[in-house]
Each structure stands twice: as C-alpha cells, then as structure tokens.
Amino acid sequence: MMTTIASKNEAVTLVNISKRFPVNNEEHTQSERIRDGYFYALNDISFTLESGSCTLIAGANGSGKSLLMSIIAGLEAPSSGTVKTAATVGLVFQEPDAQILGETPAEDAAFGARNLGLSKDEVKMRVKDALGDTGLADRADFPARSLSGGEKRRLAVAGVLAMGVEIIIFDEPYANMDYPGVVQVNRLVKKLHADGKTVIILTHELEKCTALADRVIVLCEGKKVFDGDASGALSRDLEAWGIHHPLRNPAQKLEDLLWQ
C-alpha cells in the first residue's frame, strides 16, 4: 500500500482498497467473501471525498465500516489498493471514555497537542479555541469523567481539533446516546461542517444523521453497494443491506430526520 497526498480539493481518496485475512475455519469456506483461503473484510472499495464535505458511511455490524475507518486514518494497512489523504485524520471512537486521558477537559484536550512538541502558549491557545468551538469552555476545569455522554464526545473532538486536524471521523457517535446527547453531537457536526472541516460519520443509525450528510456511502459485506446523496439513499431498499430504513413510520420525509 502506498499512501500519498490527495489534491487540494480532495480530502480522502481510496482506490481499489481490499483487506483480507487468512481463513482458519473450514466450516466457512463456502462464503462468497472467501477466495483462495482468505476472508475479504473489504473488497475493492473506491471513492473520493471532497474537502469540507460531510459524508455518512452506513452499514450493518460487520459491513467493514470500522476497518475502513482504521485504513483511512492510517492505523491499518490495506492488503491492496492505495489511500490518499490531504490532511491529518482525527478519530472520535464509539466509546468516548476510552479517549479521556486528562483529569479535566482542559488537560485532556491538551494531551495530543503537547505531543506535537508545541510551545506551552501555543497549546494553551489551541485548547482554549477547541473547547470554545465544542461548547465546553465553561467545563474546562470540571472532572472530565463527570461529563455527559454528549459532552464526552465533544471533548474527544476538542482533543483532535487542538491537534490541528482537518478530517474528523466519528465511529458510531450515537451509540448509547439519549436524545439530548444526539442533539449535542449533531449540532457539533453541523458546526464542524460549516467551519470547513471534512466530516465522516460511520453509523447504522441513519435516522439520526442522514439529514446532515452531503453524501451517503453504504457498505454491505465488505463491498460498496451505494454511493450518492441522502435522498437517493432513502429511495433504496436499505433493509436489503441490513440497515433500518429511517423513513419508516413515523418519519415520512428527509426533513423529519433533523435532530436539533
């Protein structure tokens, strides 16, 4: 795999990305995802995301979303294909507690920036800006572990913003989230998008975020099965790909899906 830099208008470009693992269980050798003794967790995925876009990557559990995220972020190498990114990628994991390393939001948001070798003044300024951008300025000195679920996800975003990232990936951001938490996360996504950040949301809960997306990509069993706008995605039989269709009752149109 060769990682190069995408052009100025392209935040992420994937070309024929596949990821395979050796098969050790003979009982599963009849699966269509198995060839020549390998299980293909991702199979020939290609797409380009524009800088400043908000993209929803949807799929049922096991579709390959999280693995694809790791490949885009450089945490995992594909078995074949190329990855191009125009900027550093920041990850907001499904369990935000796993990303909390500081006793307070101010300490936590500073952790990554300090590791970049920045001066104390630069770190302090970045942390102040990041906490302000995520609506946590008034929580800067609170115990970080006492924050709500939505606030913890915002804190995770503050940490990556303080590091200067331009591409932010949310992995299942609505997991175990109540209504106020969903609203908090969506308001933050809208702000990041408006500020020109490239936002990628990985989820199977389309009803909570489809209205935010410029584009929807659907994965099923490691393959890309849809790539288009939100209205186009909602016109398809999403259940065939293992995803609950968000316009089933009571929602009837795309605008009904705005959680704000």
# chains A, B, ... in the order shown; residues from 1 in each chain; ligands from 1
$ select_by_dssp --residues "range 73-143 of chain A" --states "helix (DSSP H, G or I)" --output "ChimeraX atom specification"
/A:96-99,105-114,120-133,137-139
$ closest_atom_pairs --of "range 35-92 of chain A" --to "range 13-17 of chain A" --cutoff "7 Å" --atoms "only C-alpha atoms" --output "JSON lines"
{"residue": "A:Asn43", "atom": "CA", "partner": "A:Ile17", "partner_atom": "CA", "distance": 6.6}
{"residue": "A:Asp44", "atom": "CA", "partner": "A:Asn16", "partner_atom": "CA", "distance": 4.3}
{"residue": "A:Ile45", "atom": "CA", "partner": "A:Ile17", "partner_atom": "CA", "distance": 4.8}
{"residue": "A:Ser46", "atom": "CA", "partner": "A:Val15", "partner_atom": "CA", "distance": 4.6}
{"residue": "A:Phe47", "atom": "CA", "partner": "A:Leu14", "partner_atom": "CA", "distance": 5.3}
{"residue": "A:Thr48", "atom": "CA", "partner": "A:Thr13", "partner_atom": "CA", "distance": 4.2}
{"residue": "A:Leu49", "atom": "CA", "partner": "A:Thr13", "partner_atom": "CA", "distance": 6.4}
{"residue": "A:Pro78", "atom": "CA", "partner": "A:Ile17", "partner_atom": "CA", "distance": 6.3}
{"residue": "A:Ser80", "atom": "CA", "partner": "A:Ile17", "partner_atom": "CA", "distance": 5.7}
{"residue": "A:Gly81", "atom": "CA", "partner": "A:Ile17", "partner_atom": "CA", "distance": 4.3}
{"residue": "A:Thr82", "atom": "CA", "partner": "A:Val15", "partner_atom": "CA", "distance": 5.3}
{"residue": "A:Val83", "atom": "CA", "partner": "A:Leu14", "partner_atom": "CA", "distance": 4.9}
{"residue": "A:Lys84", "atom": "CA", "partner": "A:Thr13", "partner_atom": "CA", "distance": 5.0}
{"residue": "A:Thr85", "atom": "CA", "partner": "A:Thr13", "partner_atom": "CA", "distance": 6.5}
$ write_last_selection --atoms "N, CA and C atoms" --output "short mmCIF file (atom, residue, chain, number, x, y, z; two decimals), in the first residue's frame"
data_model
loop_
_atom_site.label_atom_id
_atom_site.label_comp_id
_atom_site.auth_asym_id
_atom_site.auth_seq_id
_atom_site.Cartn_x
_atom_site.Cartn_y
_atom_site.Cartn_z
N ASN A 43 -13.66 -5.30 0.09
CA ASN A 43 -13.43 -5.83 -1.24
C ASN A 43 -13.54 -4.73 -2.29
N ASP A 44 -12.41 -4.23 -2.76
CA ASP A 44 -12.34 -3.32 -3.90
C ASP A 44 -13.16 -2.05 -3.69
N ILE A 45 -12.85 -1.32 -2.61
CA ILE A 45 -13.57 -0.09 -2.28
C ILE A 45 -12.85 1.11 -2.89
N SER A 46 -13.59 1.91 -3.64
CA SER A 46 -13.03 3.14 -4.23
C SER A 46 -14.01 4.29 -4.05
N PHE A 47 -13.51 5.44 -3.62
CA PHE A 47 -14.28 6.68 -3.63
C PHE A 47 -13.36 7.84 -3.28
N THR A 48 -13.82 9.04 -3.58
CA THR A 48 -13.11 10.27 -3.25
C THR A 48 -14.04 11.19 -2.48
N LEU A 49 -13.58 11.74 -1.36
CA LEU A 49 -14.35 12.68 -0.57
C LEU A 49 -13.75 14.07 -0.73
N PRO A 78 -4.14 -1.58 4.14
CA PRO A 78 -4.95 -2.47 3.31
C PRO A 78 -4.10 -3.59 2.72
N SER A 80 -4.46 -4.49 -0.37
CA SER A 80 -4.17 -3.96 -1.71
C SER A 80 -4.92 -2.65 -1.88
N GLY A 81 -4.46 -1.84 -2.84
CA GLY A 81 -5.07 -0.55 -3.08
C GLY A 81 -4.26 0.59 -2.48
N THR A 82 -4.69 1.83 -2.74
CA THR A 82 -3.98 3.00 -2.26
C THR A 82 -4.91 3.93 -1.50
N VAL A 83 -4.34 4.62 -0.51
CA VAL A 83 -5.06 5.59 0.30
C VAL A 83 -4.35 6.94 0.16
N LYS A 84 -5.12 7.98 -0.14
CA LYS A 84 -4.56 9.32 -0.22
C LYS A 84 -5.36 10.24 0.71
N THR A 85 -4.67 10.98 1.55
CA THR A 85 -5.33 11.94 2.42
C THR A 85 -4.63 13.29 2.30
#
$ closest_residue --among "A:Ser79, A:Ser231, A:Asn186, A:Asn24" --to "Leu67 in chain A" --atoms "only C-alpha atoms"
A:Ser79
$ atom_distance --atom1 "CA of Leu212 in chain A" --atom2 "CA of Gly62 in chain A"
23.9 Å
$ closest_residue --among "A:Ala158, A:Ala140, A:Ala106, A:Ile169" --to "Ile71 in chain A" --atoms "only C-alpha atoms"
A:Ile169
$ closest_residue --among "A:Leu118, A:Leu75, A:Phe21, A:Val216" --to "Arg236 in chain A" --atoms "only C-alpha atoms"
A:Val216
$ decode --residues "range 110-140 of chain A" --atoms "N, CA and C atoms" --output "mmCIF file, in the first residue's frame"
data_model
loop_
_atom_site.group_PDB
_atom_site.id
_atom_site.type_symbol
_atom_site.label_atom_id
_atom_site.label_comp_id
_atom_site.auth_asym_id
_atom_site.auth_seq_id
_atom_site.Cartn_x
_atom_site.Cartn_y
_atom_site.Cartn_z
ATOM 1 N N ALA A 110 -5.476 19.085 25.865
ATOM 2 C CA ALA A 110 -4.083 19.479 25.654
ATOM 3 C C ALA A 110 -3.175 18.291 25.379
ATOM 4 N N PHE A 111 -3.629 17.083 25.678
ATOM 5 C CA PHE A 111 -2.751 15.913 25.639
ATOM 6 C C PHE A 111 -2.112 15.722 24.266
ATOM 7 N N GLY A 112 -2.937 15.652 23.215
ATOM 8 C CA GLY A 112 -2.397 15.412 21.884
ATOM 9 C C GLY A 112 -1.554 16.563 21.388
ATOM 10 N N ALA A 113 -1.993 17.791 21.664
ATOM 11 C CA ALA A 113 -1.249 18.965 21.204
ATOM 12 C C ALA A 113 0.140 19.013 21.837
ATOM 13 N N ARG A 114 0.230 18.644 23.103
ATOM 14 C CA ARG A 114 1.549 18.627 23.765
ATOM 15 C C ARG A 114 2.487 17.645 23.079
ATOM 16 N N ASN A 115 1.940 16.520 22.633
ATOM 17 C CA ASN A 115 2.770 15.507 21.986
ATOM 18 C C ASN A 115 3.273 15.944 20.615
ATOM 19 N N LEU A 116 2.747 17.046 20.101
ATOM 20 C CA LEU A 116 3.233 17.580 18.832
ATOM 21 C C LEU A 116 4.465 18.454 19.014
ATOM 22 N N GLY A 117 4.863 18.660 20.267
ATOM 23 C CA GLY A 117 6.054 19.462 20.539
ATOM 24 C C GLY A 117 5.803 20.955 20.454
ATOM 25 N N LEU A 118 4.552 21.371 20.612
ATOM 26 C CA LEU A 118 4.218 22.789 20.550
ATOM 27 C C LEU A 118 4.611 23.493 21.845
ATOM 28 N N SER A 119 4.749 24.805 21.769
ATOM 29 C CA SER A 119 5.064 25.576 22.971
ATOM 30 C C SER A 119 3.859 25.586 23.912
ATOM 31 N N LYS A 120 4.116 25.895 25.182
ATOM 32 C CA LYS A 120 3.031 25.947 26.159
ATOM 33 C C LYS A 120 1.974 26.986 25.769
ATOM 34 N N ASP A 121 2.422 28.116 25.275
ATOM 35 C CA ASP A 121 1.481 29.163 24.875
ATOM 36 C C ASP A 121 0.624 28.717 23.697
ATOM 37 N N GLU A 122 1.251 28.026 22.743
ATOM 38 C CA GLU A 122 0.501 27.543 21.579
ATOM 39 C C GLU A 122 -0.522 26.485 21.998
ATOM 40 N N VAL A 123 -0.115 25.576 22.881
ATOM 41 C CA VAL A 123 -1.034 24.545 23.370
ATOM 42 C C VAL A 123 -2.201 25.193 24.099
ATOM 43 N N LYS A 124 -1.896 26.150 24.958
ATOM 44 C CA LYS A 124 -2.949 26.828 25.729
ATOM 45 C C LYS A 124 -3.952 27.508 24.804
ATOM 46 N N MET A 125 -3.458 28.167 23.755
ATOM 47 C CA MET A 125 -4.338 28.853 22.817
ATOM 48 C C MET A 125 -5.200 27.855 22.048
ATOM 49 N N ARG A 126 -4.578 26.753 21.615
ATOM 50 C CA ARG A 126 -5.328 25.752 20.858
ATOM 51 C C ARG A 126 -6.413 25.107 21.720
ATOM 52 N N VAL A 127 -6.095 24.823 22.965
ATOM 53 C CA VAL A 127 -7.069 24.210 23.873
ATOM 54 C C VAL A 127 -8.233 25.162 24.114
ATOM 55 N N LYS A 128 -7.922 26.428 24.333
ATOM 56 C CA LYS A 128 -8.981 27.416 24.546
ATOM 57 C C LYS A 128 -9.904 27.489 23.342
ATOM 58 N N ASP A 129 -9.333 27.517 22.148
ATOM 59 C CA ASP A 129 -10.134 27.590 20.930
ATOM 60 C C ASP A 129 -10.954 26.315 20.736
ATOM 61 N N ALA A 130 -10.332 25.164 20.987
ATOM 62 C CA ALA A 130 -11.020 23.888 20.768
ATOM 63 C C ALA A 130 -12.183 23.703 21.736
ATOM 64 N N LEU A 131 -11.986 24.058 23.001
ATOM 65 C CA LEU A 131 -13.069 23.944 23.977
ATOM 66 C C LEU A 131 -14.185 24.935 23.653
ATOM 67 N N GLY A 132 -13.810 26.110 23.155
ATOM 68 C CA GLY A 132 -14.819 27.080 22.754
ATOM 69 C C GLY A 132 -15.619 26.595 21.558
ATOM 70 N N ASP A 133 -14.933 26.017 20.580
ATOM 71 C CA ASP A 133 -15.596 25.533 19.380
ATOM 72 C C ASP A 133 -16.541 24.375 19.666
ATOM 73 N N THR A 134 -16.256 23.605 20.697
ATOM 74 C CA THR A 134 -17.092 22.445 21.031
ATOM 75 C C THR A 134 -18.067 22.731 22.170
ATOM 76 N N GLY A 135 -18.136 23.988 22.601
ATOM 77 C CA GLY A 135 -19.098 24.356 23.631
ATOM 78 C C GLY A 135 -18.751 23.871 25.020
ATOM 79 N N LEU A 136 -17.471 23.661 25.279
ATOM 80 C CA LEU A 136 -17.043 23.136 26.575
ATOM 81 C C LEU A 136 -16.198 24.136 27.366
ATOM 82 N N ALA A 137 -16.177 25.384 26.945
ATOM 83 C CA ALA A 137 -15.338 26.371 27.632
ATOM 84 C C ALA A 137 -15.700 26.497 29.101
ATOM 85 N N ASP A 138 -16.993 26.411 29.412
ATOM 86 C CA ASP A 138 -17.416 26.549 30.808
ATOM 87 C C ASP A 138 -17.235 25.268 31.605
ATOM 88 N N ARG A 139 -16.760 24.213 30.954
ATOM 89 C CA ARG A 139 -16.491 22.936 31.626
ATOM 90 C C ARG A 139 -14.997 22.647 31.690
ATOM 91 N N ALA A 140 -14.182 23.612 31.359
ATOM 92 C CA ALA A 140 -12.744 23.379 31.202
ATOM 93 C C ALA A 140 -12.083 22.749 32.419
#
